[in-house]
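Shown here: model-v1.csv, CSV, C-alpha atoms.
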chain,number,residue,atom,x,y,z
A,1,MET,CA,156.3,149.5,185.4
A,2,LYS,CA,158.2,149.6,182.1
A,3,GLY,CA,159.0,153.2,181.5
A,4,ARG,CA,160.3,154.0,184.9
A,5,GLY,CA,164.0,153.5,184.3
A,6,VAL,CA,164.2,150.6,186.7
A,7,GLU,CA,166.2,147.7,185.3
A,8,GLU,CA,164.0,144.7,184.4
A,9,ASP,CA,165.0,141.2,185.0
A,10,LYS,CA,165.1,139.5,181.7
A,11,ARG,CA,163.4,136.4,182.8
A,12,SER,CA,160.1,137.5,184.1
A,13,GLY,CA,159.8,141.2,183.5
A,14,VAL,CA,159.4,141.9,187.2
A,15,PRO,CA,161.5,145.0,188.2
A,16,LYS,CA,164.8,143.8,189.5
A,17,ILE,CA,164.6,145.6,192.9
A,18,LEU,CA,161.4,143.7,193.8
A,19,ARG,CA,163.0,140.4,193.0
A,20,GLN,CA,166.0,141.2,195.2
A,21,GLU,CA,163.9,142.1,198.2
A,22,GLU,CA,161.9,138.9,197.9
A,23,SER,CA,165.0,136.9,197.7
A,24,THR,CA,166.6,138.2,200.9
A,25,LYS,CA,163.3,137.7,202.6
A,26,GLY,CA,163.2,134.1,201.4
A,27,VAL,CA,166.8,133.6,202.6
A,28,ARG,CA,165.9,135.0,206.0
A,29,MET,CA,162.8,132.8,206.3
A,30,LYS,CA,164.9,129.7,205.4
A,31,LYS,CA,167.5,130.5,208.0
A,32,PHE,CA,164.8,131.0,210.6
A,33,GLY,CA,163.2,127.7,209.7
A,34,LEU,CA,166.5,125.8,209.8
A,35,VAL,CA,167.5,127.3,213.2
A,36,GLY,CA,164.0,126.5,214.5
A,37,ALA,CA,164.2,122.9,213.3
A,38,PHE,CA,167.6,122.4,214.9
A,39,MET,CA,166.4,123.8,218.2
A,40,PHE,CA,163.4,121.4,218.0
A,41,VAL,CA,165.6,118.4,217.6
A,42,LEU,CA,167.8,119.6,220.5
A,43,LEU,CA,164.7,119.9,222.6
A,44,LEU,CA,163.7,116.3,221.7
A,45,ALA,CA,167.1,115.0,222.6
A,46,ALA,CA,167.0,116.9,225.9
A,47,THR,CA,163.7,115.4,226.9
A,48,GLY,CA,165.0,112.0,225.9
A,49,SER,CA,168.0,112.2,228.2
A,50,ALA,CA,166.1,113.8,231.1
A,51,PHE,CA,163.6,110.9,231.4
A,52,ALA,CA,166.1,108.2,230.7
A,53,GLN,CA,164.9,105.8,233.3
A,54,ASP,CA,161.2,106.3,233.6
A,55,GLY,CA,159.6,107.0,230.3
A,56,SER,CA,162.2,105.7,228.0
A,57,ASP,CA,159.9,103.2,226.5
A,58,GLY,CA,157.2,105.8,226.0
A,59,ASN,CA,159.8,108.2,224.6
A,60,ALA,CA,161.0,105.6,222.2
A,61,ARG,CA,157.5,104.9,221.0
A,62,GLY,CA,156.8,108.6,220.7
A,63,LEU,CA,159.8,109.1,218.6
A,64,ILE,CA,159.0,106.2,216.4
A,65,GLY,CA,155.5,107.6,215.9
A,66,LEU,CA,157.0,111.0,215.1
A,67,GLY,CA,159.4,109.4,212.6
A,68,ALA,CA,156.6,107.6,210.9
A,69,GLY,CA,154.5,110.7,210.5
A,70,LEU,CA,157.3,113.0,209.4
A,71,GLY,CA,158.7,110.5,207.0
A,72,ILE,CA,155.7,110.2,204.8
A,73,GLY,CA,154.9,113.9,205.2
A,74,ILE,CA,158.3,115.0,203.8
A,75,ALA,CA,158.2,112.3,201.1
A,76,ALA,CA,154.7,113.4,200.0
A,77,ALA,CA,155.9,117.0,199.8
A,78,GLY,CA,158.9,116.0,197.7
A,79,ALA,CA,156.8,113.9,195.4
A,80,GLY,CA,154.2,116.6,195.1
A,81,ILE,CA,156.8,119.1,194.0
A,82,GLY,CA,158.4,116.7,191.5
A,83,GLN,CA,155.1,115.7,190.0
A,84,GLY,CA,153.9,119.3,189.9
A,85,LYS,CA,156.8,120.3,187.8
A,86,THR,CA,156.3,117.3,185.5
A,87,VAL,CA,152.6,118.0,184.9
A,88,ALA,CA,153.3,121.7,184.6
A,89,SER,CA,155.7,121.3,181.8
A,90,ALA,CA,153.5,118.8,180.1
A,91,MET,CA,150.6,121.2,180.3
A,92,GLU,CA,152.7,124.0,178.9
A,93,SER,CA,153.7,121.8,176.0
A,94,ILE,CA,150.1,120.8,175.3
A,95,GLY,CA,149.1,124.4,175.4
A,96,ARG,CA,151.7,125.4,173.0
A,97,ASN,CA,151.1,122.5,170.6
A,98,PRO,CA,147.8,120.7,171.1
A,99,ASN,CA,148.7,117.9,168.7
A,100,SER,CA,151.5,116.7,171.0
A,101,ALA,CA,149.1,115.6,173.7
A,102,ASP,CA,149.0,112.0,172.5
A,103,ARG,CA,152.8,111.7,172.3
A,104,LEU,CA,153.3,113.3,175.6
A,105,PHE,CA,150.9,111.2,177.6
A,106,GLN,CA,152.9,108.0,177.9
A,107,PRO,CA,156.3,109.6,178.9
A,108,MET,CA,154.5,111.8,181.4
A,109,ILE,CA,152.8,108.8,183.0
A,110,ILE,CA,156.1,107.0,183.3
A,111,GLY,CA,157.6,110.0,184.8
A,112,LEU,CA,154.8,110.5,187.3
A,113,ALA,CA,154.9,106.8,188.3
A,114,LEU,CA,158.7,106.9,188.9
A,115,ILE,CA,158.5,110.0,191.0
A,116,GLU,CA,155.6,108.6,192.9
A,117,SER,CA,157.4,105.3,193.6
A,118,LEU,CA,159.9,107.2,195.8
A,119,ALA,CA,157.0,108.4,198.0
A,120,ILE,CA,155.7,104.8,198.0
A,121,TYR,CA,159.0,103.6,199.4
A,122,ALA,CA,158.7,106.1,202.2
A,123,LEU,CA,155.1,105.0,202.8
A,124,LEU,CA,156.2,101.4,203.2
A,125,ILE,CA,158.7,102.4,205.8
A,126,THR,CA,156.0,104.4,207.6
A,127,PHE,CA,153.8,101.2,207.6
A,128,LEU,CA,156.7,99.3,209.1
A,129,LEU,CA,157.3,101.9,211.8
A,130,GLN,CA,153.6,102.3,212.6
A,131,GLY,CA,153.5,98.6,213.3
A,132,LYS,CA,156.3,99.0,215.8
A,133,ILE,CA,154.7,101.8,217.9
B,1,MET,CA,146.8,94.2,209.6
B,2,GLU,CA,144.6,91.2,209.2
B,3,HIS,CA,141.8,91.5,206.6
B,4,PRO,CA,138.4,91.5,208.5
B,5,PHE,CA,136.4,89.1,206.3
B,6,THR,CA,137.0,87.6,202.9
B,7,TRP,CA,134.7,85.5,200.8
B,8,VAL,CA,137.7,83.2,200.3
B,9,SER,CA,137.4,82.0,203.8
B,10,THR,CA,133.9,80.6,203.1
B,11,ILE,CA,135.0,78.3,200.3
B,12,PRO,CA,136.0,75.0,201.9
B,13,GLY,CA,138.9,74.0,199.7
B,14,LEU,CA,140.5,77.4,199.3
B,15,ASN,CA,140.6,78.6,202.9
B,16,ALA,CA,143.4,76.2,203.6
B,17,LEU,CA,145.6,78.2,201.3
B,18,PRO,CA,147.2,81.6,202.2
B,19,GLY,CA,144.8,84.5,201.3
B,20,HIS,CA,146.8,85.9,198.4
B,21,VAL,CA,147.2,82.5,196.8
B,22,ALA,CA,143.5,81.7,197.0
B,23,THR,CA,142.5,85.1,195.6
B,24,SER,CA,145.1,84.8,192.8
B,25,LEU,CA,143.5,81.4,191.8
B,26,ILE,CA,140.1,83.1,191.8
B,27,VAL,CA,141.5,85.9,189.6
B,28,ALA,CA,143.0,83.4,187.2
B,29,PHE,CA,139.8,81.5,187.0
B,30,ILE,CA,137.9,84.7,186.3
B,31,ILE,CA,140.3,85.6,183.5
B,32,VAL,CA,140.0,82.2,181.9
B,33,VAL,CA,136.2,82.3,182.0
B,34,PHE,CA,136.1,85.9,180.7
B,35,THR,CA,138.4,85.0,177.8
B,36,LEU,CA,136.4,81.9,176.8
B,37,LEU,CA,133.2,83.8,176.8
B,38,ALA,CA,134.7,86.7,174.8
B,39,ARG,CA,136.1,84.2,172.3
B,40,ARG,CA,132.7,82.5,171.9
B,41,GLN,CA,131.1,85.9,171.3
B,42,LEU,CA,133.8,86.6,168.7
B,43,SER,CA,133.2,83.4,166.8
B,44,ALA,CA,129.4,83.9,166.9
B,45,ALA,CA,129.7,87.5,165.6
B,46,ALA,CA,128.5,88.3,162.1
B,47,ASP,CA,131.6,90.1,161.1
B,48,PRO,CA,134.6,89.9,163.3
B,49,ALA,CA,136.0,93.2,162.2
B,50,ILE,CA,133.0,95.3,163.3
B,51,PRO,CA,132.8,95.8,167.0
B,52,ASP,CA,129.6,95.2,169.0
B,53,SER,CA,127.3,98.1,169.3
B,54,SER,CA,126.9,97.9,173.1
B,55,LEU,CA,129.0,96.8,176.0
B,56,SER,CA,129.9,93.1,175.8
B,57,LEU,CA,132.8,90.9,176.9
B,58,ARG,CA,134.1,90.8,173.4
B,59,ASN,CA,134.4,94.6,173.3
B,60,ILE,CA,136.2,94.6,176.6
B,61,ALA,CA,138.6,91.9,175.4
B,62,GLU,CA,139.2,93.8,172.2
B,63,LEU,CA,139.9,97.0,174.1
B,64,LEU,CA,142.4,95.2,176.3
B,65,VAL,CA,144.2,93.6,173.5
B,66,GLU,CA,144.4,96.7,171.4
B,67,GLY,CA,145.5,98.8,174.3
B,68,VAL,CA,148.4,96.5,175.2
B,69,SER,CA,149.3,96.0,171.5
B,70,SER,CA,149.6,99.7,170.8
B,71,MET,CA,151.6,100.2,174.0
B,72,ALA,CA,153.9,97.4,172.9
B,73,GLU,CA,154.2,98.7,169.4
B,74,GLY,CA,155.0,102.2,170.6
B,75,THR,CA,157.6,101.0,173.0
B,76,ILE,CA,159.3,97.9,171.5
B,77,GLY,CA,159.0,98.7,167.9
B,78,HIS,CA,158.9,96.2,165.0
B,79,HIS,CA,159.2,92.9,166.8
B,80,TRP,CA,156.5,93.5,169.4
B,81,ARG,CA,154.6,90.4,168.6
B,82,LYS,CA,157.4,88.2,170.1
B,83,TYR,CA,156.9,89.8,173.5
B,84,ILE,CA,153.2,90.5,173.6
B,85,ASN,CA,152.3,87.2,175.2
B,86,LEU,CA,154.2,87.9,178.4
B,87,TYR,CA,153.5,91.6,178.7
B,88,GLY,CA,149.8,91.2,177.8
B,89,SER,CA,149.5,88.5,180.5
B,90,PHE,CA,151.2,90.9,183.0
B,91,PHE,CA,148.7,93.6,182.1
B,92,VAL,CA,145.6,91.5,182.3
B,93,PHE,CA,146.6,89.6,185.4
B,94,ILE,CA,147.6,92.7,187.3
B,95,LEU,CA,144.5,94.6,186.2
B,96,PHE,CA,142.1,91.9,187.3
B,97,ALA,CA,144.0,91.3,190.5
B,98,ASN,CA,143.9,95.0,191.4
B,99,LEU,CA,140.3,95.3,190.5
B,100,ILE,CA,139.1,92.4,192.5
B,101,GLY,CA,140.4,94.3,195.6
B,102,LEU,CA,137.7,96.8,195.0
B,103,VAL,CA,134.9,94.2,195.5
B,104,PRO,CA,133.9,94.2,199.1
B,105,GLY,CA,135.1,91.0,200.8
B,106,PHE,CA,138.2,90.5,198.6
B,107,ALA,CA,141.8,91.5,199.4
B,108,PRO,CA,143.8,92.3,196.3
B,109,PRO,CA,146.5,89.6,195.8
B,110,THR,CA,148.8,92.4,194.6
B,111,ALA,CA,148.7,93.9,198.1
B,112,ASN,CA,151.0,91.1,199.2
B,113,PHE,CA,154.8,91.4,198.7
B,114,ASN,CA,155.1,87.8,197.6
B,115,VAL,CA,152.9,88.3,194.6
B,116,THR,CA,154.3,91.6,193.5
B,117,PHE,CA,157.9,90.6,194.0
B,118,ALA,CA,157.2,87.4,192.0
B,119,LEU,CA,155.9,89.5,189.2
B,120,GLY,CA,158.8,91.9,189.3
B,121,LEU,CA,161.2,88.9,189.3
B,122,ILE,CA,159.5,87.4,186.3
B,123,SER,CA,159.8,90.7,184.5
B,124,PHE,CA,163.5,90.9,185.4
B,125,ILE,CA,164.3,87.3,184.3
B,126,ALA,CA,162.3,87.9,181.2
B,127,TYR,CA,164.2,90.9,180.0
B,128,ASN,CA,167.5,89.4,180.7
B,129,PHE,CA,166.5,86.2,178.9
B,130,PHE,CA,165.4,88.2,175.9
B,131,ALA,CA,168.6,90.2,176.0
B,132,PHE,CA,170.7,87.1,175.9
B,133,LYS,CA,168.5,85.5,173.2
B,134,GLU,CA,168.8,88.6,171.0
B,135,GLN,CA,172.4,89.7,171.5
B,136,GLY,CA,174.1,86.7,173.0
B,137,LEU,CA,177.1,87.5,175.2
B,138,ALA,CA,177.4,90.9,173.6
B,139,TYR,CA,174.7,91.9,176.1
B,140,LEU,CA,177.4,92.0,178.8
B,141,LYS,CA,179.0,94.9,177.0
B,142,HIS,CA,176.1,97.0,178.1
B,143,PHE,CA,177.3,96.9,181.6
B,144,VAL,CA,180.7,98.3,180.7
B,145,GLY,CA,179.4,101.7,179.6
B,146,PRO,CA,180.5,104.0,176.9
B,147,LEU,CA,184.2,104.3,177.6
B,148,LEU,CA,186.4,101.4,178.6
B,149,ILE,CA,188.2,103.5,181.2
B,150,LEU,CA,185.1,104.1,183.1
B,151,ALA,CA,184.4,100.3,183.4
B,152,PRO,CA,185.3,99.9,187.1
B,153,LEU,CA,182.8,102.7,187.9
B,154,MET,CA,180.1,101.7,185.5
B,155,ILE,CA,179.9,98.0,186.2
B,156,PRO,CA,178.8,98.2,189.8
B,157,LEU,CA,176.5,101.1,188.9
B,158,GLU,CA,174.8,99.2,186.1
B,159,ILE,CA,174.6,96.0,188.1
B,160,ILE,CA,173.0,97.8,191.0
B,161,SER,CA,170.6,99.7,188.9
B,162,ASN,CA,169.6,96.5,187.1
B,163,ALA,CA,169.2,94.5,190.3
B,164,VAL,CA,167.0,97.2,191.8
B,165,ARG,CA,164.5,97.0,189.0
B,166,PRO,CA,162.5,94.0,190.1
B,167,LEU,CA,162.4,95.3,193.6
B,168,SER,CA,161.2,98.7,192.5
B,169,LEU,CA,158.5,97.2,190.3
B,170,GLY,CA,157.3,95.0,193.1
B,171,LEU,CA,157.4,97.7,195.7
B,172,ARG,CA,155.6,100.3,193.6
B,173,LEU,CA,152.7,97.9,192.9
B,174,LEU,CA,152.6,96.7,196.5
B,175,GLY,CA,152.7,100.2,198.0
B,176,ASN,CA,150.0,101.6,195.7
B,177,MET,CA,147.7,98.6,196.3
B,178,THR,CA,148.2,98.4,200.0
B,179,GLY,CA,147.9,102.2,200.5
B,180,ASP,CA,144.7,102.3,198.4
B,181,HIS,CA,143.1,99.3,200.1
B,182,LEU,CA,143.9,100.8,203.5
B,183,THR,CA,142.5,104.2,202.5
B,184,ILE,CA,139.2,102.7,201.3
B,185,GLU,CA,139.0,100.6,204.5
B,186,ILE,CA,139.6,103.6,206.8
B,187,PHE,CA,137.2,105.9,205.0
B,188,THR,CA,134.5,103.3,204.8
B,189,SER,CA,134.8,102.8,208.6
B,190,LEU,CA,134.8,106.5,209.2
B,191,THR,CA,132.0,107.8,206.9
B,192,LYS,CA,129.8,104.9,206.1
B,193,LEU,CA,127.8,106.0,203.1
B,194,VAL,CA,128.5,108.5,200.4
B,195,ILE,CA,132.1,109.6,200.8
B,196,PRO,CA,133.7,106.2,200.1
B,197,VAL,CA,132.5,106.3,196.5
B,198,ILE,CA,135.1,109.0,195.8
B,199,PHE,CA,137.8,106.7,197.1
B,200,TYR,CA,136.4,103.8,195.1
B,201,LEU,CA,136.8,106.0,192.0
B,202,LEU,CA,140.3,106.9,193.0
B,203,GLY,CA,141.0,103.2,193.7
B,204,ALA,CA,139.8,102.2,190.3
B,205,PHE,CA,141.9,104.8,188.6
B,206,VAL,CA,145.0,103.7,190.6
B,207,CYS,CA,144.3,100.0,189.6
B,208,PHE,CA,144.4,100.8,185.9
B,209,LEU,CA,147.4,103.1,186.3
B,210,GLN,CA,149.5,100.7,188.2
B,211,ALA,CA,148.8,97.8,185.8
B,212,PHE,CA,149.6,100.2,182.9
B,213,VAL,CA,152.8,101.5,184.6
B,214,PHE,CA,154.1,98.0,185.5
B,215,THR,CA,153.6,96.7,181.9
B,216,LEU,CA,155.0,99.9,180.3
B,217,LEU,CA,158.1,99.9,182.5
B,218,SER,CA,158.7,96.2,181.7
B,219,MET,CA,158.4,96.8,178.0
B,220,VAL,CA,160.8,99.8,178.3
B,221,TYR,CA,163.3,97.6,179.9
B,222,VAL,CA,163.0,95.0,177.2
B,223,ALA,CA,163.1,97.6,174.5
B,224,ASN,CA,166.4,99.0,175.9
B,225,VAL,CA,168.1,95.7,175.7
B,226,ILE,CA,166.9,94.5,172.4
B,227,GLY,CA,167.4,97.8,170.8
B,228,HIS,CA,170.1,96.6,168.6
B,229,GLY,CA,168.0,93.6,167.6
B,230,ASP,CA,166.2,95.1,164.7
B,231,HIS,CA,168.3,96.0,161.7
B,232,HIS,CA,166.7,98.4,159.4
What does the file become when written as structure tokens?
Amino acid sequence: MKGRGVEEDKRSGVPKILRQEESTKGVRMKKFGLVGAFMFVLLLAATGSAFAQDGSDGNARGLIGLGAGLGIGIAAAGAGIGQGKTVASAMESIGRNPNSADRLFQPMIIGLALIESLAIYALLITFLLQGKI
Amino acid sequence: MEHPFTWVSTIPGLNALPGHVATSLIVAFIIVVFTLLARRQLSAAADPAIPDSSLSLRNIAELLVEGVSSMAEGTIGHHWRKYINLYGSFFVFILFANLIGLVPGFAPPTANFNVTFALGLISFIAYNFFAFKEQGLAYLKHFVGPLLILAPLMIPLEIISNAVRPLSLGLRLLGNMTGDHLTIEIFTSLTKLVIPVIFYLLGAFVCFLQAFVFTLLSMVYVANVIGHGDHH
């Protein structure tokens, strides 16, 4: 807490040692995730080359299906994060100054629509891929 | 995927046309009838400045006109009356075309790339036309950017970003309407009764929002290029 002599991070008041611990844990989790994803892709490629003659058609269709699913999933995650930040800052502004709600509404809607349109482009590609399975 | 059943296929003259063309014609007919009825109610009203006390076609029409006019005034500024015809038409047409997709047995015409891309293309041609009308050939100076040295970099960038606009407007509307229609279809076939109501509500909200966003973005594009048009 405050009076313990531990240096406080200016931004959030959380003691600095705690933030450092969390950040190394975050970096470690991210590296693990990256290595895991890389190994998964290698595994996919290995199965693809092993069954080159027999199940190549099935493998291609499986990969197309995987691409379709993952594509829209990642796009939705990105759009969710972007829109979350937009609405969060709008909410904060309204909370700080309730009269600004009317002026904020239109720009926020434009921002949300533009961010969402990126996810919509990915959705269209998913539709195209899903028709090809 | 082919739409299972549409009322359009039962009308003898219209089922020779492609689905989205026939439904667009129905939407246009509905808009004209709605407007004529609202206008008749307005002329028959005792005092045109006082709204009706209950829901009526005249009230809905006034709501639409006021909504689009305030949007235009906020975005374009002084000369919004010159552009309100086109953008009001966009808003009303897209709104009705989206909403007719919620009625069982109709496919929204805006779920077809031809219709949405045509709307996007009209918006693009419109804002370029207005830009040339307001500024003449000085409009081309926009593409050069702030500094003359950056011109080789800025010109392709500006041209690409301008050319993408009709495509993005069309794709945004198309994706939203197709995705929404598909969601409602799938959920109605999965859980027949109460749950699809939630998706109908979401669909109605998305219809309004997409009409609003299309019109707002078109007005913003026009407002950007005629910005030097009003001299204070």
Once you count only C-alpha atoms, what closest atom pair and distance in Å to one decimal does each residue of chain B within 8 Å of chain A have, with rows by chain and rising residue number, as JSON lines?
{"residue": "B:Ser168", "atom": "CA", "partner": "A:Ser117", "partner_atom": "CA", "distance": 7.7}
{"residue": "B:Leu171", "atom": "CA", "partner": "A:Tyr121", "partner_atom": "CA", "distance": 7.1}
{"residue": "B:Arg172", "atom": "CA", "partner": "A:Ser117", "partner_atom": "CA", "distance": 5.3}
{"residue": "B:Gly175", "atom": "CA", "partner": "A:Ile120", "partner_atom": "CA", "distance": 5.5}
{"residue": "B:Asn176", "atom": "CA", "partner": "A:Ile120", "partner_atom": "CA", "distance": 6.9}
{"residue": "B:Val213", "atom": "CA", "partner": "A:Ile110", "partner_atom": "CA", "distance": 6.5}
{"residue": "B:Leu216", "atom": "CA", "partner": "A:Ile110", "partner_atom": "CA", "distance": 7.8}
{"residue": "B:Leu217", "atom": "CA", "partner": "A:Ile110", "partner_atom": "CA", "distance": 7.4}
**Message:** Using only C-alpha atoms, which protein or nucleic acid residues come within 9 Å of segment 62-76 of chain B? Drop anything in the same chain fewer than 5 positions from it, and give the result as a list of chain:residue names.
**Reply:** A:Gln106, B:Ala38, B:Pro51, B:Leu57, B:Arg81, B:Tyr83, B:Ile84, B:Tyr87, B:Gly88, B:Phe91, B:Val92, B:Phe212, B:Thr215, B:Leu216, B:Met219, B:Val220, B:Val222, B:Ala223, B:Asn224, B:Ile226, B:Gly227
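Between atom CA of Ile125 of chain A and atom CA of Ala211 of chain B the interatomic distance comes to 22.8 Å.
We find atom CA of Ala28 of chain B and atom CA of Ala163 of chain B to be spaced 28.6 Å apart.
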**Request:** Grab the atom CA of Glu134 of chain B to atom CA of Phe214 of chain B distance for me, in Å with one decimal place.
**Result:** 22.7 Å
